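**Student:** Below is a structure I'd like to ask you about.
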Amino acid sequence: MRVCLQLDIGNSSAKWRLLRGDTVIARGHYRAGDSGSQATLLHCTDALDEIWIASVAAPAAEQQLAALLAGRWGVTPWFARAEAYTAGLRNSYAEPGRMGVDRWLAMVGARQRAPGRLCVVDAGSALTIDIVSAIGQHEGGYIIPGPALMERALLLDTDRVRFDEQIDYALAPGKSTAEAVRHGIALAQAGAVALALEQAGSEPITLFFCGGAGETLMHLGPRTGQWVPDLVFEGLAVMAAQR
């Protein structure tokens with residue numbers, strides 16, 4: 001049975017999973033320059049047959065990772081890229097390859113789960129919201145700073161917005177600086193999703209959430225959605241099968 005290593009490389013870190021056939025047998029996180037996470041990745045299996053990667057990292061970082069993985073297992077990684085058309089999904093970009101592959105694969109994965117109209121919300125370093133029509137046409141999307149980026153920008157550009165408390169994201173008005181910041185960010189994120197869905201019109205739509213903050217954001221909003229943390233990996237498998 002074939003063994004496949006899959007990686008989803010974001011702007012700040014990566015997550016990976018190892019499959020034997022269709023069964024996930026291991027998973028973890030990897031950060032470039034972190035010897036501990038690198039050792040865990042490189043010792044996840046003695047041998048494998050394929051390496052599939054979805055990456056939004058810079059080309060130099062991709063090359064370094066490819067060399068690391070090929071040196072360990074003797075397998076040349078395959079990097080997925082956004083396409084004009086994949087598995088019933090049609091790209092709206094004039095230059096399809098300029099779309100982030102994580103957005104594209106999340107939509108590919110979602111379309112396999114729900115053939116009707118859908119919305120994919122990927123809440124990571126950036127919050128992305130993408131709408132796909134019932135016939136598989138990408139209608140467009142939004143890219144918004146994620147919670148950590150919003151908070152960092154606020155702290156960098158203000159002198160008196162400072163706090164040490166660990167405050168959860170919620171929608172109630174804040175009664176301290178910490179609450180006002182965290183609750184304000186939650187309001188902005190949840191509000192962006194709600195307004196995007198309002199802009200999408202009244203046609204029924206299936207809502208998917210993924211990304212590190214996706215589950216939290218799903219519970220903040222008024223609309224029912226599905227939390228699918230491996231949505232990018234699911235799309236990656238679909239694209240790899242069509243190579």
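By order of appearance in the structure tokens: chains A, B, ..., then residues from 1 within every chain, and ligands from 1 in the order shown.
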When you look at Asp22 (chain A) with a cut-off of 10 Å (counting only C-alpha atoms), what residues show up, excluding the ones that are within fewer than 4 positions of it in the same chain? I need them as number ranges by chain.

**Tutor:** A: 1-4, 18, 237

**Student:** Write the residues of the selection above to a file with N, CA and C atoms, as a PDB file, in the first residue's frame.

**Tutor:**
```pdb
ATOM      1  N   MET A   1       0.852  -1.188   0.000  1.00  0.00           N
ATOM      2  CA  MET A   1       0.000   0.000   0.000  1.00  0.00           C
ATOM      3  C   MET A   1       0.893   1.246   0.000  1.00  0.00           C
ATOM      4  N   ARG A   2       0.568   2.207  -0.863  1.00  0.00           N
ATOM      5  CA  ARG A   2       1.433   3.367  -1.036  1.00  0.00           C
ATOM      6  C   ARG A   2       1.361   4.292   0.176  1.00  0.00           C
ATOM      7  N   VAL A   3       2.523   4.867   0.490  1.00  0.00           N
ATOM      8  CA  VAL A   3       2.634   5.808   1.605  1.00  0.00           C
ATOM      9  C   VAL A   3       2.898   7.190   1.029  1.00  0.00           C
ATOM     10  N   CYS A   4       2.120   8.178   1.473  1.00  0.00           N
ATOM     11  CA  CYS A   4       2.205   9.530   0.924  1.00  0.00           C
ATOM     12  C   CYS A   4       2.321  10.550   2.049  1.00  0.00           C
ATOM     13  N   LEU A  18       0.609  12.042   7.183  1.00  0.00           N
ATOM     14  CA  LEU A  18       1.153  10.881   6.497  1.00  0.00           C
ATOM     15  C   LEU A  18       0.036   9.876   6.299  1.00  0.00           C
ATOM     16  N   ALA A 237      -5.383  16.008  -2.504  1.00  0.00           N
ATOM     17  CA  ALA A 237      -5.531  14.625  -2.952  1.00  0.00           C
ATOM     18  C   ALA A 237      -6.312  14.539  -4.249  1.00  0.00           C
TER      19      ALA A 237
END
```

**Student:** Using 12 Å as the limit and counting only C-alpha atoms, can you tabulate each residue of region 7-68 of chain A that touches region 97-118 of chain A, with its shortest atom-to-atom distance in Å and the two atoms involved, as a tab-separated table?

**Tutor:**
```
residue	atom	partner	partner_atom	distance
A:Leu7	CA	A:Asp102	CA	10.9
A:Asp8	CA	A:Asp102	CA	7.7
A:Ile9	CA	A:Asp102	CA	8.6
A:Gly10	CA	A:Asp102	CA	8.2
A:Asn11	CA	A:Asp102	CA	10.8
A:Ala14	CA	A:Asp102	CA	11.7
A:Ile53	CA	A:Val101	CA	9.9
A:Ala54	CA	A:Val101	CA	6.3
A:Ser55	CA	A:Val101	CA	6.7
A:Val56	CA	A:Gly100	CA	6.3
A:Ala57	CA	A:Gly100	CA	10.0
A:Ala58	CA	A:Gly100	CA	11.8
```

**Student:** Just to be explicit: take each residue in the selection above, keep C-alpha atoms, and write the result as an mmCIF file, in the first residue's frame.

**Tutor:**
```
data_model
loop_
_atom_site.group_PDB
_atom_site.id
_atom_site.type_symbol
_atom_site.label_atom_id
_atom_site.label_comp_id
_atom_site.auth_asym_id
_atom_site.auth_seq_id
_atom_site.Cartn_x
_atom_site.Cartn_y
_atom_site.Cartn_z
ATOM 1 C CA LEU A 7 2.248 19.174 3.513
ATOM 2 C CA ASP A 8 0.231 22.387 3.730
ATOM 3 C CA ILE A 9 2.772 25.211 3.989
ATOM 4 C CA GLY A 10 1.421 28.561 5.113
ATOM 5 C CA ASN A 11 3.036 31.937 5.650
ATOM 6 C CA ALA A 14 3.265 24.177 7.978
ATOM 7 C CA ILE A 53 2.866 19.891 -1.185
ATOM 8 C CA ALA A 54 0.519 22.875 -1.126
ATOM 9 C CA SER A 55 2.660 25.937 -0.488
ATOM 10 C CA VAL A 56 2.295 29.704 -0.332
ATOM 11 C CA ALA A 57 5.913 30.109 0.815
ATOM 12 C CA ALA A 58 8.577 31.934 -1.167
#
```

**Student:** Considering only C-alpha atoms, return as a PyMOL selection string whatever protein or nucleic-acid residues lie within 8 Å of Ile143 (chain A), sequence-local ones (same chain, fewer than 2 positions apart) excluded.

**Tutor:** chain A and resi 126-129+141+145

**Student:** I need the residues from that last selection saved to file as a PDB file, in the first residue's frame (with C-alpha atoms), if you can.

**Tutor:**
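Below is the file part30.pdb, written as the result:
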```pdb
ATOM      1  CA  ALA A 126      -5.016  35.758   6.574  1.00  0.00           C
ATOM      2  CA  LEU A 127      -8.771  35.333   6.539  1.00  0.00           C
ATOM      3  CA  THR A 128      -9.911  34.304   3.061  1.00  0.00           C
ATOM      4  CA  ILE A 129     -13.525  33.999   1.996  1.00  0.00           C
ATOM      5  CA  GLY A 141     -13.312  36.149  -2.851  1.00  0.00           C
ATOM      6  CA  PRO A 145      -5.706  40.158   7.754  1.00  0.00           C
TER       7      PRO A 145
END
```

**Student:** Please identify all polymer residues within 12 Å of Leu65 (chain A), counting only C-alpha atoms, omitting same-chain residues fewer than 2 positions from it, and present them as a PyMOL selection string.

**Tutor:** chain A and resi 7+9+14+30-33+38+41-42+51+53+55+57-63+67-72+76-79

**Student:** Hey, what does DSSP flag as alpha helix (DSSP H) within region 2-243 of chain A? Can you give it to me as number ranges by chain?

**Tutor:** A: 35-42, 59-73, 101-113, 147-156, 177-199, 214-220, 231-241

**Student:** List as a count of residues only the protein and nucleic acid residues near Ala194 (chain A), meaning an atom at most 9 Å away when only C-alpha atoms are counted, but skip any in the same chain fewer than 5 places from it.

**Tutor:** 5
